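*Asks:* Contents of structure19.txt (compact mmCIF, C-alpha atoms) are below:
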# COMPACT_ATOMS: atom_id res chain seq x y z
CA MET S 1 80.82 50.82 140.50
CA THR S 2 77.89 50.32 142.87
CA MET S 3 75.71 49.21 139.94
CA PHE S 4 78.39 46.68 139.11
CA LEU S 5 78.29 45.32 142.66
CA TYR S 6 74.47 45.11 142.51
CA VAL S 7 74.64 43.05 139.33
CA ILE S 8 77.23 40.76 140.92
CA GLY S 9 75.12 40.38 144.06
CA PHE S 10 72.04 39.51 142.05
CA SER S 11 73.88 36.92 139.96
CA ILE S 12 75.25 35.34 143.13
CA LEU S 13 71.70 35.10 144.48
CA VAL S 14 70.55 33.37 141.30
CA THR S 15 73.46 30.92 141.57
CA MET S 16 72.52 30.27 145.20
CA ALA S 17 68.96 29.48 144.12
CA LEU S 18 70.25 26.96 141.58
CA ALA S 19 72.53 25.32 144.17
CA LEU S 20 69.65 25.15 146.63
CA ALA S 21 67.45 23.51 144.02
CA ARG S 22 70.12 20.85 143.50
CA ALA S 23 70.49 20.34 147.25
CA LEU S 24 66.74 19.83 147.54
CA ALA S 25 66.38 17.58 144.53
CA GLY S 26 69.74 15.79 144.57
CA PRO S 27 69.24 12.14 143.68
CA THR S 28 72.42 11.03 145.43
CA VAL S 29 74.19 12.13 148.57
CA PHE S 30 77.13 13.45 146.57
CA ASP S 31 74.89 15.88 144.70
CA ARG S 32 73.70 17.22 148.01
CA ILE S 33 77.20 17.55 149.46
CA LEU S 34 78.43 19.39 146.38
CA ALA S 35 75.36 21.63 146.34
CA VAL S 36 75.71 22.52 150.03
CA ASN S 37 79.41 23.24 149.50
CA MET S 38 78.61 25.47 146.53
CA PHE S 39 75.90 27.24 148.47
CA GLY S 40 78.39 27.96 151.25
CA THR S 41 80.94 29.32 148.78
CA LYS S 42 78.31 31.60 147.26
CA ALA S 43 77.33 32.75 150.75
CA VAL S 44 80.96 33.77 151.29
CA LEU S 45 80.90 35.77 148.05
CA LEU S 46 77.56 37.35 148.91
CA VAL S 47 78.85 38.44 152.32
CA ALA S 48 81.90 39.96 150.65
CA VAL S 49 79.73 41.87 148.16
CA VAL S 50 77.49 43.11 150.98
CA ALA S 51 80.61 44.20 152.87
CA PHE S 52 81.74 46.30 149.92
CA VAL S 53 78.29 47.74 149.17
CA THR S 54 77.70 48.83 152.76
CA GLY S 55 81.33 49.72 153.39
CA ARG S 56 81.64 47.60 156.52
CA ALA S 57 85.00 45.95 156.17
CA ASP S 58 84.68 44.04 159.49
CA VAL S 59 82.05 41.84 157.86
CA LEU S 60 84.78 40.28 155.73
CA ASP S 61 85.93 38.38 158.85
CA ILE S 62 82.58 36.57 158.82
CA ALA S 63 83.16 35.63 155.18
CA LEU S 64 86.47 34.05 156.19
CA LEU S 65 84.75 32.13 158.98
CA TYR S 66 82.09 30.87 156.54
CA SER S 67 84.68 29.52 154.15
CA LEU S 68 86.51 27.79 156.99
CA LEU S 69 83.32 26.16 158.30
CA ASN S 70 82.28 25.18 154.81
CA PHE S 71 85.55 23.34 154.38
CA VAL S 72 85.28 21.57 157.75
CA GLY S 73 81.69 20.55 157.10
CA VAL S 74 82.37 19.09 153.67
CA VAL S 75 85.45 17.21 154.86
CA ALA S 76 83.43 15.74 157.75
CA ALA S 77 80.61 14.73 155.41
CA LEU S 78 82.96 13.10 152.92
CA ARG S 79 84.79 11.22 155.68
CA LEU S 80 81.49 9.66 156.66
CA VAL S 81 80.41 8.87 153.11
CA GLU S 82 83.69 7.04 152.74
CA ARG S 83 82.55 4.38 155.21
CA GLY S 84 81.22 1.88 152.73
CA SER S 85 78.23 2.07 150.46
CA PHE S 86 75.90 2.60 153.39
CA TYR S 87 75.59 6.34 152.92
CA ALA S 88 76.07 6.51 149.19
CA THR S 89 72.63 5.22 148.35
CA GLU S 90 69.54 6.92 149.57
CA ARG S 91 66.95 4.43 150.63
CA ILE S 92 63.76 6.20 151.33
CA HIS S 93 61.75 3.75 153.39
CA VAL S 94 63.61 0.90 155.01
CA LYS S 95 61.05 -1.76 155.86
CA THR S 96 61.99 -4.20 158.59
CA LYS S 97 60.20 -7.24 159.82
CA PRO S 98 59.72 -7.49 163.60
CA GLY S 99 62.77 -9.68 164.28
CA GLU S 100 64.97 -8.46 161.47
CA LYS S 101 68.10 -6.48 162.20
CA LEU S 102 68.81 -3.47 160.03
CA MET Z 103 67.15 48.42 147.87
CA MET Z 104 69.97 45.94 147.56
CA ALA Z 105 69.49 44.87 151.17
CA LEU Z 106 65.76 44.36 150.57
CA ILE Z 107 66.37 42.14 147.53
CA ILE Z 108 68.94 40.06 149.43
CA ASP Z 109 66.58 39.78 152.42
CA VAL Z 110 63.71 38.56 150.24
CA PHE Z 111 65.94 36.04 148.46
CA LEU Z 112 67.47 34.70 151.68
CA LEU Z 113 64.07 34.36 153.37
CA LEU Z 114 62.72 32.48 150.33
CA PHE Z 115 65.79 30.18 150.48
CA LEU Z 116 65.10 29.71 154.20
CA ILE Z 117 61.51 28.60 153.54
CA ALA Z 118 62.61 26.31 150.71
CA SER Z 119 65.32 24.62 152.80
CA ALA Z 120 62.96 24.25 155.79
CA ILE Z 121 60.40 22.50 153.57
CA GLY Z 122 63.22 20.39 152.14
CA ILE Z 123 64.28 19.31 155.64
CA LEU Z 124 60.69 18.41 156.50
CA ARG Z 125 60.24 16.36 153.35
CA ALA Z 126 63.63 14.61 153.46
CA ARG Z 127 63.61 11.06 154.76
CA HIS Z 128 67.32 10.38 154.52
CA LEU Z 129 68.98 11.52 157.74
CA PHE Z 130 72.31 12.30 156.09
CA ALA Z 131 70.65 14.66 153.62
CA MET Z 132 68.71 16.16 156.50
CA ALA Z 133 71.90 16.94 158.44
CA MET Z 134 73.46 18.59 155.40
CA MET Z 135 70.32 20.66 154.82
CA PHE Z 136 70.39 21.76 158.45
CA GLY Z 137 73.88 23.14 157.89
CA LEU Z 138 72.60 25.07 154.90
CA TYR Z 139 69.62 26.38 156.85
CA SER Z 140 71.88 27.55 159.64
CA LEU Z 141 74.16 29.31 157.17
CA LEU Z 142 71.14 31.18 155.81
CA VAL Z 143 70.06 32.22 159.31
CA ALA Z 144 73.60 33.41 160.02
CA SER Z 145 73.60 35.47 156.81
CA LEU Z 146 70.31 37.08 157.82
CA PHE Z 147 71.77 37.97 161.23
CA LEU Z 148 74.69 39.53 159.42
CA LEU Z 149 72.39 41.65 157.28
CA LEU Z 150 70.61 42.75 160.47
CA ASP Z 151 73.96 44.21 161.57
CA ALA Z 152 74.61 41.64 164.30
CA PRO Z 153 77.95 40.19 163.19
CA ASP Z 154 78.81 38.37 166.39
CA VAL Z 155 75.42 36.65 166.55
CA ALA Z 156 76.07 35.57 162.95
CA PHE Z 157 79.51 34.37 164.05
CA THR Z 158 78.01 32.22 166.80
CA GLU Z 159 75.21 30.86 164.62
CA ALA Z 160 77.63 29.93 161.85
CA ALA Z 161 80.14 28.30 164.18
CA VAL Z 162 77.58 26.35 166.22
CA GLY Z 163 74.89 25.67 163.62
CA THR Z 164 76.87 25.12 160.47
CA GLY Z 165 80.11 23.84 161.97
CA ILE Z 166 79.77 21.95 165.22
CA ALA Z 167 76.14 20.83 164.99
CA THR Z 168 76.53 19.44 161.46
CA VAL Z 169 79.73 17.58 162.31
CA LEU Z 170 78.20 16.17 165.52
CA MET Z 171 75.05 15.08 163.72
CA LEU Z 172 77.03 13.38 160.95
CA ALA Z 173 79.27 11.67 163.52
CA THR Z 174 76.16 10.47 165.37
CA LEU Z 175 74.72 9.11 162.13
CA ALA Z 176 77.98 7.25 161.54
CA ALA Z 177 77.80 5.72 165.01
CA THR Z 178 74.21 4.54 164.61
CA ARG Z 179 72.93 2.08 162.10
CA ARG Z 180 69.73 3.47 160.76
CA SER Z 181 70.19 5.92 157.90
CA SER Z 182 66.56 6.62 157.19
CA GLU Z 183 63.79 8.04 159.30
CA LYS Z 184 61.02 5.66 160.23
CA PRO Z 185 58.01 6.00 157.98
CA ARG Z 186 55.82 8.66 159.47
CA SER Z 187 53.04 7.32 161.63
CA ARG Z 188 49.46 8.31 161.15
CA PHE Z 189 47.87 11.48 162.46
CA SER Z 190 47.65 11.31 166.23
CA PRO Z 191 45.02 13.50 167.92
CA SER Z 192 46.71 13.58 171.33
CA ALA Z 193 49.95 14.97 169.85
CA MET Z 194 47.93 17.56 167.96
CA ILE Z 195 46.13 18.62 171.15
CA ILE Z 196 49.41 18.92 173.10
CA THR Z 197 51.00 20.95 170.30
CA LEU Z 198 48.02 23.29 170.03
CA LEU Z 199 47.87 23.68 173.82
CA THR Z 200 51.58 24.52 174.12
CA GLY Z 201 51.35 26.90 171.18
CA GLY Z 202 48.30 28.56 172.70
CA LEU Z 203 50.05 29.00 176.08
CA LEU Z 204 53.11 30.50 174.41
CA PHE Z 205 50.91 32.85 172.41
CA TYR Z 206 49.06 33.83 175.60
CA GLY Z 207 52.46 34.60 177.15
CA THR Z 208 53.30 37.04 174.35
CA LEU Z 209 50.14 39.08 175.04
CA ASP Z 210 51.88 40.66 178.05
CA LEU Z 211 54.76 41.86 175.91
CA PRO Z 212 54.58 45.33 174.36
CA ASN Z 213 53.62 45.36 170.69
CA PHE Z 214 56.37 44.98 168.12
CA GLY Z 215 57.76 48.42 167.31
CA ASP Z 216 55.63 50.13 169.98
CA PRO Z 217 57.33 53.49 170.63
CA ASN Z 218 56.03 53.55 174.22
CA ALA Z 219 57.64 50.24 175.17
CA PRO Z 220 60.11 50.55 178.08
CA LEU Z 221 62.89 49.43 175.76
CA HIS Z 222 62.44 52.53 173.60
CA THR Z 223 61.58 55.04 176.30
CA GLU Z 224 64.31 54.18 178.79
CA MET Z 225 66.92 51.74 177.60
CA ALA Z 226 67.52 52.39 173.90
CA ALA Z 227 68.67 55.98 174.37
CA ARG Z 228 71.02 54.93 177.15
CA PHE Z 229 72.47 52.12 175.01
CA ILE Z 230 72.97 54.39 172.02
CA GLU Z 231 74.41 57.36 173.90
CA GLN Z 232 76.38 55.68 176.66
CA GLY Z 233 77.15 52.29 175.09
CA GLN Z 234 80.45 53.38 173.64
CA GLN Z 235 81.72 54.81 176.95
CA ASP Z 236 80.23 52.02 179.08
CA THR Z 237 81.59 49.06 177.16
CA GLY Z 238 84.11 50.31 174.59
CA VAL Z 239 82.56 48.01 171.96
CA PRO Z 240 82.01 49.73 168.59
CA ASN Z 241 79.06 47.54 167.50
CA LEU Z 242 75.88 48.22 169.46
CA VAL Z 243 74.40 44.73 169.15
CA THR Z 244 77.66 43.21 170.35
CA ALA Z 245 77.78 45.67 173.24
CA VAL Z 246 74.28 44.70 174.42
CA LEU Z 247 74.85 41.00 173.92
CA ALA Z 248 78.32 40.59 175.36
CA SER Z 249 78.49 43.37 177.92
CA TYR Z 250 75.07 44.55 179.13
CA ARG Z 251 73.73 41.01 179.02
CA GLY Z 252 77.05 39.39 179.81
CA PHE Z 253 75.77 37.02 182.51
CA ASP Z 254 72.99 35.81 180.24
CA THR Z 255 75.50 35.06 177.51
CA LEU Z 256 77.77 33.35 180.02
CA GLY Z 257 74.89 31.07 180.99
CA GLU Z 258 74.22 30.24 177.34
CA VAL Z 259 77.88 29.46 176.75
CA THR Z 260 77.89 27.17 179.79
CA VAL Z 261 74.87 25.26 178.50
CA VAL Z 262 76.32 24.90 174.99
CA PHE Z 263 79.70 23.82 176.35
CA THR Z 264 78.15 21.21 178.65
CA ALA Z 265 76.03 19.83 175.83
CA GLY Z 266 79.04 19.67 173.51
CA VAL Z 267 81.18 17.84 176.08
CA GLY Z 268 78.35 15.39 176.75
CA VAL Z 269 77.86 14.60 173.06
CA LEU Z 270 81.61 14.20 172.50
CA LEU Z 271 81.85 11.78 175.44
CA LEU Z 272 78.94 9.77 174.07
CA LEU Z 273 80.45 9.63 170.59
CA LYS Z 274 83.91 8.62 171.78
CA ARG Z 275 83.66 4.84 171.89
CA ARG Z 276 86.41 2.31 171.94
CA ARG Z 277 84.57 -0.14 169.73
CA LYS Z 278 84.24 0.92 166.12
CA PRO Z 279 80.65 0.97 164.92
CA VAL Z 280 79.68 -2.04 162.84
CA VAL Z 281 78.02 -0.99 159.62
CA ARG Z 282 75.06 -3.26 159.04
CA GLY Z 283 76.76 -6.56 159.84
CA ARG Z 284 79.60 -5.78 157.47
CA SER Z 285 83.10 -6.13 158.88
CA ASN Z 286 85.30 -3.07 158.99
CA ALA Z 287 88.25 -4.84 157.40
CA ARG Z 288 88.34 -4.01 153.74
Represent the structure contained in this file as structure tokens.

*Replies:*
Amino acid sequence: MTMFLYVIGFSILVTMALALARALAGPTVFDRILAVNMFGTKAVLLVAVVAFVTGRADVLDIALLYSLLNFVGVVAALRLVERGSFYATERIHVKTKPGEKL
Amino acid sequence: MMALIIDVFLLLFLIASAIGILRARHLFAMAMMFGLYSLLVASLFLLLDAPDVAFTEAAVGTGIATVLMLATLAATRRSSEKPRSRFSPSAMIITLLTGGLLFYGTLDLPNFGDPNAPLHTEMAARFIEQGQQDTGVPNLVTAVLASYRGFDTLGEVTVVFTAGVGVLLLLKRRRKPVVRGRSNAR
């Protein structure tokens, strides 16, 4: 049973690594939002696995808090992306002339 | 063994996300990455058996700070960091000086893990033996943080609360922010 939990924990860590890679590379903002959301979900799972491996059931409360915050964060991010195409495209260097308004 | 593997993985993730934040130029992506970084720090606190510190870090770092940063980005117009200026010697000197002073300050502290430090000779035993009777809190880290150092924590809470109220008052504007000359009517 413990071996089973170890395997699960390790696979969750690998999934977290993949999500992090997407969050770092993400060509668009939506990739990053999805990757951060996925990373948060995997963190919830990892905390739950750790809680069962170590036998500390009180840690599960933290997992609940993580999932709640994850939800709030993603909703806030998507609300802001909704405001026009401003945030949907990533412009790396915005060059402005001295008098030009951005 | 399991804890060691998770620690190593989470610390590697931490380094990767920190480098990602440094290299990102898009402020929106940066704010999202900060949330991720904070979640990682909170998970590490949790593995160090400090659940209420993890609670605070997750709530403040991942939740409130990310939402406030994104709201601030929505209220301002620029979405991208200015191109980085060239190397400035004066900034380098100030940074090195401050770092050197801080390092000099740590020389007075007892060495990390020193068994003769006052913490280990006098306080730790008292915390471990009497903590349960003194505070009634089952978790030792929570007992030290919230009860033995209660005034310190109260001060921190006051600072965080004041900062949060200030930012909320700044963000609450009557006029809706104009997005790059485009009208809000769609």

*Asks:* Please compute the atom CA of Arg125 of chain Z-atom CA of Phe71 of chain S distance, one decimal, in Å.

*Replies:*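 We find that atom CA of Arg125 of chain Z and atom CA of Phe71 of chain S lie 26.3 Å from each other.
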
*Asks:* Can you measure atom CA of Tyr250 of chain Z to atom CA of Met225 of chain Z for me? One decimal in Å is fine.

*Replies:* 11.0 Å

*Asks:* From the options S:Phe52, S:Phe10, S:Tyr66, S:Phe39, which residue's atoms come nearest to Ala23 of chain S, counting only C-alpha atoms?

*Replies:*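 Under the stated criterion, the closest residue is S:Phe39.
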
*Asks:* With chain S as the partner and 6 Å as the cut-off, tabulate the residues of chain Z that qualify, each row holding the nearest pair of atoms and their distance in Å to one decimal, using only C-alpha atoms, sorted by chain and rising number, as JSON lines.

*Replies:*
{"residue": "Z:Gly122", "atom": "CA", "partner": "S:Leu24", "partner_atom": "CA", "distance": 5.8}
{"residue": "Z:Arg127", "atom": "CA", "partner": "S:Ile92", "partner_atom": "CA", "distance": 6.0}
{"residue": "Z:Gly165", "atom": "CA", "partner": "S:Leu69", "partner_atom": "CA", "distance": 5.4}

*Asks:* Would you save the residues of that selection, restricted to C-alpha atoms, as an mmCIF file, in the coordinates of the input?

*Replies:*
data_model
loop_
_atom_site.group_PDB
_atom_site.id
_atom_site.type_symbol
_atom_site.label_atom_id
_atom_site.label_comp_id
_atom_site.auth_asym_id
_atom_site.auth_seq_id
_atom_site.Cartn_x
_atom_site.Cartn_y
_atom_site.Cartn_z
ATOM 1 C CA GLY Z 122 63.220 20.390 152.140
ATOM 2 C CA ARG Z 127 63.610 11.060 154.760
ATOM 3 C CA GLY Z 165 80.110 23.840 161.970
#

*Asks:* Do you know which residues are at most 12 Å from Ile117 of chain Z counting only C-alpha atoms, after dropping those on the same chain fewer than 5 positions away, and could you put them as a list in words?

*Replies:* Leu20 and Leu24 of chain S; Val110, Phe111, Leu112, Gly122, Ile123, Leu124, Met135, Leu138, Tyr139, Leu142 and Val143 of chain Z

*Asks:* Identify which of the residues Z:Leu170, Z:Val246, Z:Leu198, Z:Ala219 lies closest to Val269 of chain Z, counting only C-alpha atoms when measuring atom-to-atom distances.

*Replies:*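 Among the listed residues, Z:Leu170 lies closest to Val269 of chain Z.
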
*Asks:* Grab the atom CA of Leu247 of chain Z to atom CA of Gly233 of chain Z distance for me, in Å with one decimal place.

*Replies:*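 We find that atom CA of Leu247 of chain Z and atom CA of Gly233 of chain Z lie 11.6 Å from each other.
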
*Asks:* Can you tell me, as a list in words, what residues are no more than 9 Å from Asp236 of chain Z when counting all atoms listed in the file, ignoring any on the same chain fewer than 5 positions away?

*Replies:*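 What passes the distance filter is Phe229, Ala245 and Ser249 of chain Z.
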
*Asks:* Which residue is closest to Ala126 of chain Z? Choose from S:Leu34, S:Leu60, S:Pro27, S:Thr15 and count only C-alpha atoms.

*Replies:*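 Smallest separation from Ala126 of chain Z among the options: S:Pro27.
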